[in-house]
Amino acid sequence: MKRIIVIGGLSAGPSAAAKARRENEHAEIILFEKGANISYATCGMPYAFSGVIESRDNLLVVKPALLKHRFNIDVRLNEEIIKIDTTQKIVYTNSDAYRYDTLVFATGASSVVPPVENIKFAHSWSTCRSMVDFDKITKEGLTSTSKHITVVGAGLIGVEVAENLSEIGKKVTLIEGSSHVLNMWDKKFAKFAEDVLVSNGVDVLSNTFVNKFDIDKDGKILAVITSDGKRIPTDFVILSAGIKPNTQMLIDEGAEAIENGALRVDEFMETSIKDVYAAGDNISIRNLQTNQEDYFPLGTHSNKAGRAAGSNATDGQITFKGAYKTAIVKVFDYTLARTGMNATALTKNGIDFQSVLIVAGSTPSYYPGQKDLIIELYYDSKTEEILGAELFGEYGVDKRVDVLSTAIYGKLKVTDLQRLDLAYAPPFSPAKDPVVVAGFVTENILHGKSEQISVEALEAYMANTPKENYVLLDVRNEGEFNNGTIPGAVNYPLDTLREHIDSVLAQEKKIVVFCQKGLRGYLAELILRHNGVTDIVNVGGGFKIWSMYSDQIEYPRA
């Protein structure tokens, strides 16, 4: 009888074990987990802090008894693997030794604990990755006496933790070492999310590290001391400063790994060691766009890779070929999402690209509660193939990012978007879906009917170009103009623009036109182009995006 051993019980391990059983009814399958729980939802923990997920039990997705009785899997809890001999095909636990025919290594990753002074003597802190962490946070960090909590690390989990703690009335400080929160996104979109955090009472400190815990004689944290010398009083600290793959046992056996220690696997999830498969947050995943090994520690990939590993450990042929960094995060009433490569990644990889940004209603204007949706698309300058997208809004972000992710997988061109047959009904979408609108706008640009300038490019242009060389033309109505505009702009409302054609032509300068969101700016651009103005650009997303991105705003009536 074939014996399959699975090491690790979080997500990839149980997925592999269950798939192995579905493929082979007669194999002996043993799953080892060093802790007391399997298959718990680490991504759900922040939402359990606030009560959105009502109980701890709801985080336990699969009970050990289910694997035992339904799948006939021998689940060994609290039995840690301490050594693997891949030559003899033996695993050693803290109590025994077991031979295997094939091995699935699904050990996941561990939280990085930064070298903070006094951390070894402090007790009122925790990482946020295991049920042990969850229990400590709920029993110590969420007590009525813990009024201020500091979250270190503003990635996906850190932001979700900050949001949910704020929702239950905790004062939260979120500290991030890089230049902006959620650094999977470009800085502009990350700033949109940061502004939401701040407006909801979260103190955000970027470019900042925690150097020291100020503790009392009993090890209770009184404050954190930051790299710039600030002392922030706090009652509890949650560390979400990154993760490190748990792979040393296999690396010691000669397994190949990428720079961060994640194991190299082929598309069948087999490591460089024969008959040893791996899945979960301990493996590298091929980036389908760059064809390079990358690291995507997300539950969706853990489950797909675990399924493939489990099948192939029973002589199956299921592949998991890779991914391309699709991600989404809730930030209070807003959603931030991305897929593929953004400007930072494209520039780093030396790929020639163009971008287009649109602001469109996620539902029709006549349907109650319309919300704006911001989409920025990145596409290949030569082939027009869609390379990536970033999105932000209050409604419908999840639907559109999945459409664009699918478009990337299918290697669609940006001009294909307008041909998609997307679902339409007023509660869900306008007749021209924002994804379709993005295709329309891009086609206009590609056909020379319009030229768009991003707010980043405009800011740089204004900083490096004498004011007498260009005209900022605000075509919103007078009331909108007086409530704030880009510094130095003149106001010719769209509906009166034709009356001012001669004065615009007389300028003989570059025209930078903008409205509130982009549409009226495009209409003004057409009017001016038809009347002989050739050096003209429209600001992508208009004053809305400028005001969200830049603090340079002029109030004409002030």
# chains A, B, ... in the order shown; residues from 1 in each chain; ligands from 1
>>> residues_around(residues="segment 364-367 of chain A", least_positions_apart="6", cutoff="8 Å", atoms="only C-alpha atoms", output="ChimeraX atom specification")
/A:426-427,429-431
>>> select_by_dssp(residues="segment 373-485 of chain A", states="strand (DSSP E or B)", output="PyMOL selection string")
chain A and resi 373-380+385-393+413+452-453+470-474+485
>>> write_last_selection(atoms="N, CA and C atoms", output="PDB file, in the first residue's frame")
ATOM      1  N   LEU A 373     -16.010  54.644  -9.569  1.00  0.00           N
ATOM      2  CA  LEU A 373     -15.023  53.573  -9.641  1.00  0.00           C
ATOM      3  C   LEU A 373     -13.828  54.091 -10.431  1.00  0.00           C
ATOM      4  N   ILE A 374     -12.644  53.958  -9.861  1.00  0.00           N
ATOM      5  CA  ILE A 374     -11.406  54.407 -10.516  1.00  0.00           C
ATOM      6  C   ILE A 374     -10.673  53.183 -11.044  1.00  0.00           C
ATOM      7  N   ILE A 375     -10.347  53.199 -12.318  1.00  0.00           N
ATOM      8  CA  ILE A 375      -9.583  52.116 -12.944  1.00  0.00           C
ATOM      9  C   ILE A 375      -8.403  52.712 -13.682  1.00  0.00           C
ATOM     10  N   GLU A 376      -7.212  52.198 -13.405  1.00  0.00           N
ATOM     11  CA  GLU A 376      -6.055  52.533 -14.231  1.00  0.00           C
ATOM     12  C   GLU A 376      -5.562  51.260 -14.894  1.00  0.00           C
ATOM     13  N   LEU A 377      -5.495  51.291 -16.205  1.00  0.00           N
ATOM     14  CA  LEU A 377      -5.047  50.145 -17.003  1.00  0.00           C
ATOM     15  C   LEU A 377      -3.633  50.385 -17.499  1.00  0.00           C
ATOM     16  N   TYR A 378      -2.854  49.313 -17.568  1.00  0.00           N
ATOM     17  CA  TYR A 378      -1.510  49.358 -18.145  1.00  0.00           C
ATOM     18  C   TYR A 378      -1.488  48.381 -19.316  1.00  0.00           C
ATOM     19  N   TYR A 379      -0.962  48.831 -20.452  1.00  0.00           N
ATOM     20  CA  TYR A 379      -0.961  47.965 -21.627  1.00  0.00           C
ATOM     21  C   TYR A 379       0.313  48.154 -22.429  1.00  0.00           C
ATOM     22  N   ASP A 380       0.654  47.120 -23.201  1.00  0.00           N
ATOM     23  CA  ASP A 380       1.872  47.127 -24.011  1.00  0.00           C
ATOM     24  C   ASP A 380       1.767  48.174 -25.113  1.00  0.00           C
ATOM     25  N   GLU A 385      -1.576  44.673 -25.685  1.00  0.00           N
ATOM     26  CA  GLU A 385      -2.012  43.639 -24.736  1.00  0.00           C
ATOM     27  C   GLU A 385      -2.124  44.232 -23.338  1.00  0.00           C
ATOM     28  N   ILE A 386      -3.185  43.868 -22.618  1.00  0.00           N
ATOM     29  CA  ILE A 386      -3.381  44.344 -21.250  1.00  0.00           C
ATOM     30  C   ILE A 386      -2.336  43.700 -20.342  1.00  0.00           C
ATOM     31  N   LEU A 387      -1.643  44.527 -19.563  1.00  0.00           N
ATOM     32  CA  LEU A 387      -0.574  44.039 -18.701  1.00  0.00           C
ATOM     33  C   LEU A 387      -0.912  44.131 -17.217  1.00  0.00           C
ATOM     34  N   GLY A 388      -1.842  44.996 -16.873  1.00  0.00           N
ATOM     35  CA  GLY A 388      -2.173  45.132 -15.459  1.00  0.00           C
ATOM     36  C   GLY A 388      -3.250  46.171 -15.236  1.00  0.00           C
ATOM     37  N   ALA A 389      -3.724  46.241 -13.997  1.00  0.00           N
ATOM     38  CA  ALA A 389      -4.744  47.224 -13.643  1.00  0.00           C
ATOM     39  C   ALA A 389      -4.750  47.429 -12.142  1.00  0.00           C
ATOM     40  N   GLU A 390      -5.093  48.638 -11.730  1.00  0.00           N
ATOM     41  CA  GLU A 390      -5.330  48.950 -10.327  1.00  0.00           C
ATOM     42  C   GLU A 390      -6.680  49.642 -10.228  1.00  0.00           C
ATOM     43  N   LEU A 391      -7.436  49.335  -9.170  1.00  0.00           N
ATOM     44  CA  LEU A 391      -8.809  49.832  -9.054  1.00  0.00           C
ATOM     45  C   LEU A 391      -9.081  50.277  -7.626  1.00  0.00           C
ATOM     46  N   PHE A 392      -9.997  51.255  -7.507  1.00  0.00           N
ATOM     47  CA  PHE A 392     -10.372  51.772  -6.191  1.00  0.00           C
ATOM     48  C   PHE A 392     -11.796  52.296  -6.259  1.00  0.00           C
ATOM     49  N   GLY A 393     -12.594  51.970  -5.255  1.00  0.00           N
ATOM     50  CA  GLY A 393     -13.959  52.475  -5.218  1.00  0.00           C
ATOM     51  C   GLY A 393     -14.741  51.855  -4.083  1.00  0.00           C
ATOM     52  N   LYS A 413      -6.281  42.360 -25.846  1.00  0.00           N
ATOM     53  CA  LYS A 413      -5.806  43.725 -26.044  1.00  0.00           C
ATOM     54  C   LYS A 413      -6.735  44.677 -25.311  1.00  0.00           C
ATOM     55  N   GLN A 452      -3.973  61.637 -23.060  1.00  0.00           N
ATOM     56  CA  GLN A 452      -4.195  61.733 -21.622  1.00  0.00           C
ATOM     57  C   GLN A 452      -2.877  61.956 -20.896  1.00  0.00           C
ATOM     58  N   ILE A 453      -2.921  62.753 -19.843  1.00  0.00           N
ATOM     59  CA  ILE A 453      -1.762  62.939 -18.977  1.00  0.00           C
ATOM     60  C   ILE A 453      -2.167  62.528 -17.567  1.00  0.00           C
ATOM     61  N   TYR A 470       2.513  76.957 -20.787  1.00  0.00           N
ATOM     62  CA  TYR A 470       1.317  76.120 -20.882  1.00  0.00           C
ATOM     63  C   TYR A 470       0.129  76.818 -20.231  1.00  0.00           C
ATOM     64  N   VAL A 471      -1.057  76.315 -20.579  1.00  0.00           N
ATOM     65  CA  VAL A 471      -2.296  76.830 -19.994  1.00  0.00           C
ATOM     66  C   VAL A 471      -3.041  75.668 -19.349  1.00  0.00           C
ATOM     67  N   LEU A 472      -3.392  75.839 -18.082  1.00  0.00           N
ATOM     68  CA  LEU A 472      -4.261  74.886 -17.392  1.00  0.00           C
ATOM     69  C   LEU A 472      -5.687  75.365 -17.576  1.00  0.00           C
ATOM     70  N   LEU A 473      -6.503  74.555 -18.255  1.00  0.00           N
ATOM     71  CA  LEU A 473      -7.861  74.968 -18.600  1.00  0.00           C
ATOM     72  C   LEU A 473      -8.871  74.095 -17.862  1.00  0.00           C
ATOM     73  N   ASP A 474      -9.560  74.703 -16.894  1.00  0.00           N
ATOM     74  CA  ASP A 474     -10.584  74.022 -16.109  1.00  0.00           C
ATOM     75  C   ASP A 474     -11.933  74.267 -16.779  1.00  0.00           C
ATOM     76  N   THR A 485      -9.325  74.249  -7.429  1.00  0.00           N
ATOM     77  CA  THR A 485      -8.836  73.904  -8.757  1.00  0.00           C
ATOM     78  C   THR A 485      -7.335  73.679  -8.701  1.00  0.00           C
TER      79      THR A 485
END
>>> residues_around(residues="Lys19 of chain A", least_positions_apart="4", cutoff="8 Å", atoms="only C-alpha atoms", output="list of chain:residue names")
A:Ser15, A:Glu23, A:Arg307, A:Ala308, A:Gly310, A:Ser311
>>> write_last_selection(atoms="all heavy atoms", output="short mmCIF file (atom, residue, chain, number, x, y, z; two decimals), in the first residue's frame")
data_model
loop_
_atom_site.label_atom_id
_atom_site.label_comp_id
_atom_site.auth_asym_id
_atom_site.auth_seq_id
_atom_site.Cartn_x
_atom_site.Cartn_y
_atom_site.Cartn_z
N SER A 15 -5.83 20.38 1.78
CA SER A 15 -6.26 20.34 0.39
C SER A 15 -5.56 19.20 -0.35
O SER A 15 -6.18 18.44 -1.11
CB SER A 15 -5.97 21.67 -0.30
OG SER A 15 -6.33 21.65 -1.65
N GLU A 23 -8.24 10.78 -5.31
CA GLU A 23 -7.57 10.13 -6.44
C GLU A 23 -7.22 8.67 -6.15
O GLU A 23 -7.10 7.86 -7.07
CB GLU A 23 -6.29 10.90 -6.78
CG GLU A 23 -6.51 12.33 -7.28
CD GLU A 23 -7.16 12.37 -8.64
OE1 GLU A 23 -6.84 11.52 -9.48
OE2 GLU A 23 -7.99 13.26 -8.87
N ARG A 307 -4.00 21.16 -4.03
CA ARG A 307 -4.80 20.21 -4.81
C ARG A 307 -3.93 19.49 -5.84
O ARG A 307 -4.01 18.26 -6.00
CB ARG A 307 -5.94 20.95 -5.50
CG ARG A 307 -6.83 20.08 -6.38
CD ARG A 307 -7.98 20.92 -6.95
NE ARG A 307 -8.86 20.11 -7.78
CZ ARG A 307 -8.71 19.92 -9.08
NH1 ARG A 307 -7.68 20.50 -9.72
NH2 ARG A 307 -9.56 19.17 -9.77
N ALA A 308 -3.09 20.26 -6.53
CA ALA A 308 -2.21 19.65 -7.53
C ALA A 308 -1.19 18.72 -6.89
O ALA A 308 -0.95 17.61 -7.36
CB ALA A 308 -1.50 20.75 -8.33
N GLY A 310 -1.40 17.11 -4.05
CA GLY A 310 -2.04 15.90 -3.56
C GLY A 310 -2.34 14.91 -4.66
O GLY A 310 -2.14 13.70 -4.52
N SER A 311 -2.79 15.42 -5.79
CA SER A 311 -3.08 14.54 -6.92
C SER A 311 -1.80 13.89 -7.45
O SER A 311 -1.75 12.68 -7.69
CB SER A 311 -3.76 15.33 -8.03
OG SER A 311 -3.90 14.56 -9.21
#
>>> residues_around(residues="Arg286 of chain A", least_positions_apart="4", cutoff="10 Å", atoms="only C-alpha atoms", output="VMD selection string")
chain A and resid 264 to 267 290 to 296 320 to 324
>>> write_last_selection(atoms="all heavy atoms", output="compact mmCIF listing (two decimals), in the first residue's frame")
# COMPACT_ATOMS: atom_id res chain seq x y z
N ARG A 264 11.63 25.97 -4.81
CA ARG A 264 11.34 25.90 -6.24
C ARG A 264 10.56 24.61 -6.52
O ARG A 264 10.96 23.53 -6.07
CB ARG A 264 12.62 25.89 -7.06
CG ARG A 264 13.41 27.19 -7.01
CD ARG A 264 14.62 27.11 -7.92
NE ARG A 264 15.47 28.27 -7.82
CZ ARG A 264 15.29 29.41 -8.50
NH1 ARG A 264 14.28 29.50 -9.35
NH2 ARG A 264 16.11 30.42 -8.34
N VAL A 265 9.47 24.72 -7.24
CA VAL A 265 8.69 23.55 -7.65
C VAL A 265 8.41 23.66 -9.14
O VAL A 265 8.42 24.76 -9.70
CB VAL A 265 7.36 23.44 -6.86
CG1 VAL A 265 7.62 23.17 -5.39
CG2 VAL A 265 6.53 24.70 -7.02
N ASP A 266 8.15 22.51 -9.76
CA ASP A 266 7.73 22.55 -11.16
C ASP A 266 6.22 22.71 -11.22
O ASP A 266 5.54 22.87 -10.18
CB ASP A 266 8.21 21.32 -11.92
CG ASP A 266 7.65 20.01 -11.37
OD1 ASP A 266 6.63 20.04 -10.65
OD2 ASP A 266 8.23 18.94 -11.67
N GLU A 267 5.63 22.67 -12.40
CA GLU A 267 4.19 22.90 -12.52
C GLU A 267 3.36 21.78 -11.91
O GLU A 267 2.16 21.93 -11.68
CB GLU A 267 3.81 23.11 -13.98
CG GLU A 267 4.07 21.93 -14.88
CD GLU A 267 3.73 22.23 -16.33
OE1 GLU A 267 3.73 23.42 -16.70
OE2 GLU A 267 3.47 21.28 -17.08
N THR A 290 6.04 37.48 -16.31
CA THR A 290 7.49 37.66 -16.45
C THR A 290 8.22 36.34 -16.69
O THR A 290 9.38 36.34 -17.07
CB THR A 290 8.07 38.29 -15.18
OG1 THR A 290 7.91 37.38 -14.08
CG2 THR A 290 7.35 39.60 -14.85
N ASN A 291 7.51 35.22 -16.44
CA ASN A 291 8.10 33.88 -16.53
C ASN A 291 9.24 33.67 -15.53
O ASN A 291 10.10 32.82 -15.72
CB ASN A 291 8.60 33.58 -17.95
CG ASN A 291 8.61 32.09 -18.23
OD1 ASN A 291 7.78 31.34 -17.74
ND2 ASN A 291 9.59 31.64 -19.02
N GLN A 292 9.23 34.46 -14.45
CA GLN A 292 10.22 34.34 -13.40
C GLN A 292 9.58 33.74 -12.14
O GLN A 292 8.38 33.86 -11.93
CB GLN A 292 10.81 35.72 -13.05
CG GLN A 292 11.48 36.43 -14.21
CD GLN A 292 12.69 35.68 -14.72
OE1 GLN A 292 13.54 35.26 -13.94
NE2 GLN A 292 12.79 35.54 -16.04
N GLU A 293 10.40 33.12 -11.31
CA GLU A 293 9.91 32.63 -10.03
C GLU A 293 9.57 33.81 -9.13
O GLU A 293 10.33 34.76 -9.02
CB GLU A 293 10.96 31.74 -9.35
CG GLU A 293 11.25 30.45 -10.09
CD GLU A 293 10.01 29.58 -10.24
OE1 GLU A 293 9.28 29.42 -9.25
OE2 GLU A 293 9.78 29.05 -11.34
N ASP A 294 8.42 33.75 -8.47
CA ASP A 294 7.94 34.86 -7.65
C ASP A 294 7.33 34.29 -6.38
O ASP A 294 7.31 33.08 -6.18
CB ASP A 294 6.91 35.67 -8.44
CG ASP A 294 6.97 37.16 -8.12
OD1 ASP A 294 7.26 37.50 -6.96
OD2 ASP A 294 6.70 37.97 -9.03
N TYR A 295 6.83 35.16 -5.53
CA TYR A 295 6.29 34.72 -4.25
C TYR A 295 4.92 35.35 -4.05
O TYR A 295 4.79 36.56 -3.96
CB TYR A 295 7.24 35.12 -3.12
CG TYR A 295 6.89 34.51 -1.79
CD1 TYR A 295 6.77 33.14 -1.62
CD2 TYR A 295 6.69 35.33 -0.67
CE1 TYR A 295 6.45 32.57 -0.39
CE2 TYR A 295 6.38 34.77 0.57
CZ TYR A 295 6.26 33.40 0.70
OH TYR A 295 5.94 32.84 1.92
N PHE A 296 3.88 34.52 -4.01
CA PHE A 296 2.50 34.98 -3.87
C PHE A 296 1.83 34.26 -2.70
O PHE A 296 1.10 33.29 -2.90
CB PHE A 296 1.68 34.70 -5.14
CG PHE A 296 2.27 35.21 -6.42
CD1 PHE A 296 2.26 34.43 -7.56
CD2 PHE A 296 2.82 36.47 -6.49
CE1 PHE A 296 2.78 34.89 -8.76
CE2 PHE A 296 3.36 36.95 -7.68
CZ PHE A 296 3.33 36.17 -8.82
N PHE A 320 -0.30 23.32 -11.80
CA PHE A 320 -0.58 24.69 -11.35
C PHE A 320 0.55 25.53 -11.93
O PHE A 320 1.67 25.51 -11.44
CB PHE A 320 -0.62 24.76 -9.83
CG PHE A 320 -0.80 26.17 -9.30
CD1 PHE A 320 -1.73 27.04 -9.85
CD2 PHE A 320 -0.04 26.63 -8.23
CE1 PHE A 320 -1.90 28.32 -9.36
CE2 PHE A 320 -0.20 27.90 -7.73
CZ PHE A 320 -1.13 28.75 -8.30
N LYS A 321 0.24 26.23 -13.01
CA LYS A 321 1.29 26.86 -13.81
C LYS A 321 1.78 28.19 -13.27
O LYS A 321 2.88 28.63 -13.59
CB LYS A 321 0.80 27.03 -15.25
CG LYS A 321 0.55 25.71 -15.97
CD LYS A 321 0.10 25.94 -17.40
CE LYS A 321 -0.16 24.61 -18.11
NZ LYS A 321 1.07 23.82 -18.27
N GLY A 322 0.98 28.86 -12.43
CA GLY A 322 1.45 30.12 -11.88
C GLY A 322 0.34 31.14 -11.67
O GLY A 322 -0.85 30.81 -11.71
N ALA A 323 0.73 32.39 -11.46
CA ALA A 323 -0.22 33.45 -11.16
C ALA A 323 0.38 34.78 -11.58
O ALA A 323 1.48 34.84 -12.13
CB ALA A 323 -0.56 33.45 -9.67
N TYR A 324 -0.34 35.87 -11.30
CA TYR A 324 0.17 37.19 -11.73
C TYR A 324 -0.33 38.32 -10.83
O TYR A 324 -0.71 39.38 -11.27
CB TYR A 324 -0.18 37.46 -13.21
CG TYR A 324 -1.57 37.04 -13.64
CD1 TYR A 324 -2.62 37.94 -13.65
CD2 TYR A 324 -1.82 35.72 -14.04
CE1 TYR A 324 -3.88 37.55 -14.06
CE2 TYR A 324 -3.07 35.32 -14.45
CZ TYR A 324 -4.10 36.24 -14.45
OH TYR A 324 -5.38 35.86 -14.84
>>> residues_around(residues="Thr145 of chain A", least_positions_apart="4", cutoff="10 Å", atoms="only C-alpha atoms", output="list of chain:residue names")
A:Glu140, A:Gly141, A:Asp235
>>> closest_residue(among="A:Lys68, A:Ser55, A:Val62, A:Asp252", to="Ile30 of chain A", atoms="only C-alpha atoms")
A:Lys68
>>> select_by_dssp(residues="segment 309-339 of chain A", states="alpha helix (DSSP H)", output="list in words")
Ala309, Gly310, Ser311 and Asn312 of chain A
>>> write_last_selection(atoms="N, CA, C and O atoms", output="JSON list (two decimals), in the first residue's frame")
[["chain", "number", "residue", "atom", "x", "y", "z"],
["A", 309, "ALA", "N", -0.60, 19.17, -5.77],
["A", 309, "ALA", "CA", 0.41, 18.35, -5.09],
["A", 309, "ALA", "C", -0.19, 17.04, -4.61],
["A", 309, "ALA", "O", 0.41, 15.97, -4.74],
["A", 310, "GLY", "N", -1.40, 17.11, -4.05],
["A", 310, "GLY", "CA", -2.04, 15.90, -3.56],
["A", 310, "GLY", "C", -2.34, 14.91, -4.66],
["A", 310, "GLY", "O", -2.14, 13.70, -4.52],
["A", 311, "SER", "N", -2.79, 15.42, -5.79],
["A", 311, "SER", "CA", -3.08, 14.54, -6.92],
["A", 311, "SER", "C", -1.80, 13.89, -7.45],
["A", 311, "SER", "O", -1.75, 12.68, -7.69],
["A", 312, "ASN", "N", -0.78, 14.72, -7.61],
["A", 312, "ASN", "CA", 0.45, 14.22, -8.23],
["A", 312, "ASN", "C", 1.23, 13.30, -7.29],
["A", 312, "ASN", "O", 2.01, 12.45, -7.75]]
>>> residues_around(residues="Phe49 of chain A", least_positions_apart="4", cutoff="8 Å", atoms="only C-alpha atoms", output="number ranges by chain")
A: 45, 53, 138, 142, 161, 164-165
>>> residues_around(residues="Ile149 of chain A", least_positions_apart="3", cutoff="8 Å", atoms="only C-alpha atoms", output="VMD selection string")
chain A and resid 141 146 170 to 173 234 to 238
>>> write_last_selection(atoms="N, CA and C atoms", output="PDB file, in the first residue's frame")
ATOM      1  N   GLY A 141      -5.201  41.620  23.919  1.00  0.00           N
ATOM      2  CA  GLY A 141      -5.217  42.866  23.154  1.00  0.00           C
ATOM      3  C   GLY A 141      -6.585  43.512  23.040  1.00  0.00           C
ATOM      4  N   SER A 146      -7.438  47.647  27.034  1.00  0.00           N
ATOM      5  CA  SER A 146      -6.578  47.964  25.879  1.00  0.00           C
ATOM      6  C   SER A 146      -7.294  48.968  24.997  1.00  0.00           C
ATOM      7  N   LYS A 170     -11.206  50.795  19.121  1.00  0.00           N
ATOM      8  CA  LYS A 170      -9.822  50.927  19.557  1.00  0.00           C
ATOM      9  C   LYS A 170      -9.145  52.084  18.821  1.00  0.00           C
ATOM     10  N   LYS A 171      -8.278  52.785  19.513  1.00  0.00           N
ATOM     11  CA  LYS A 171      -7.425  53.773  18.859  1.00  0.00           C
ATOM     12  C   LYS A 171      -6.253  53.024  18.254  1.00  0.00           C
ATOM     13  N   VAL A 172      -6.031  53.185  16.953  1.00  0.00           N
ATOM     14  CA  VAL A 172      -5.048  52.373  16.237  1.00  0.00           C
ATOM     15  C   VAL A 172      -3.993  53.258  15.587  1.00  0.00           C
ATOM     16  N   THR A 173      -2.734  52.875  15.791  1.00  0.00           N
ATOM     17  CA  THR A 173      -1.629  53.452  15.036  1.00  0.00           C
ATOM     18  C   THR A 173      -1.069  52.362  14.130  1.00  0.00           C
ATOM     19  N   THR A 234       0.994  52.919  24.052  1.00  0.00           N
ATOM     20  CA  THR A 234       0.143  51.863  23.512  1.00  0.00           C
ATOM     21  C   THR A 234      -0.068  50.775  24.550  1.00  0.00           C
ATOM     22  N   ASP A 235      -1.133  50.024  24.399  1.00  0.00           N
ATOM     23  CA  ASP A 235      -1.453  48.955  25.338  1.00  0.00           C
ATOM     24  C   ASP A 235      -1.107  47.574  24.798  1.00  0.00           C
ATOM     25  N   PHE A 236      -1.041  47.449  23.467  1.00  0.00           N
ATOM     26  CA  PHE A 236      -0.774  46.143  22.858  1.00  0.00           C
ATOM     27  C   PHE A 236      -0.219  46.394  21.463  1.00  0.00           C
ATOM     28  N   VAL A 237       0.659  45.493  21.020  1.00  0.00           N
ATOM     29  CA  VAL A 237       1.274  45.620  19.698  1.00  0.00           C
ATOM     30  C   VAL A 237       1.009  44.354  18.899  1.00  0.00           C
ATOM     31  N   ILE A 238       0.544  44.529  17.663  1.00  0.00           N
ATOM     32  CA  ILE A 238       0.353  43.407  16.739  1.00  0.00           C
ATOM     33  C   ILE A 238       1.371  43.539  15.617  1.00  0.00           C
TER      34      ILE A 238
END
>>> closest_residue(among="A:Asp195, A:Glu443, A:Glu525, A:Glu554", to="Glu480 of chain A", atoms="only C-alpha atoms")
A:Glu554
>>> closest_residue(among="A:Thr107, A:Asn349, A:Thr534, A:Asn37", to="Gly306 of chain A", atoms="only C-alpha atoms")
A:Thr107
>>> closest_residue(among="A:Glu478, A:Asn483, A:Leu156, A:Glu508", to="Asp495 of chain A", atoms="only C-alpha atoms")
A:Glu478
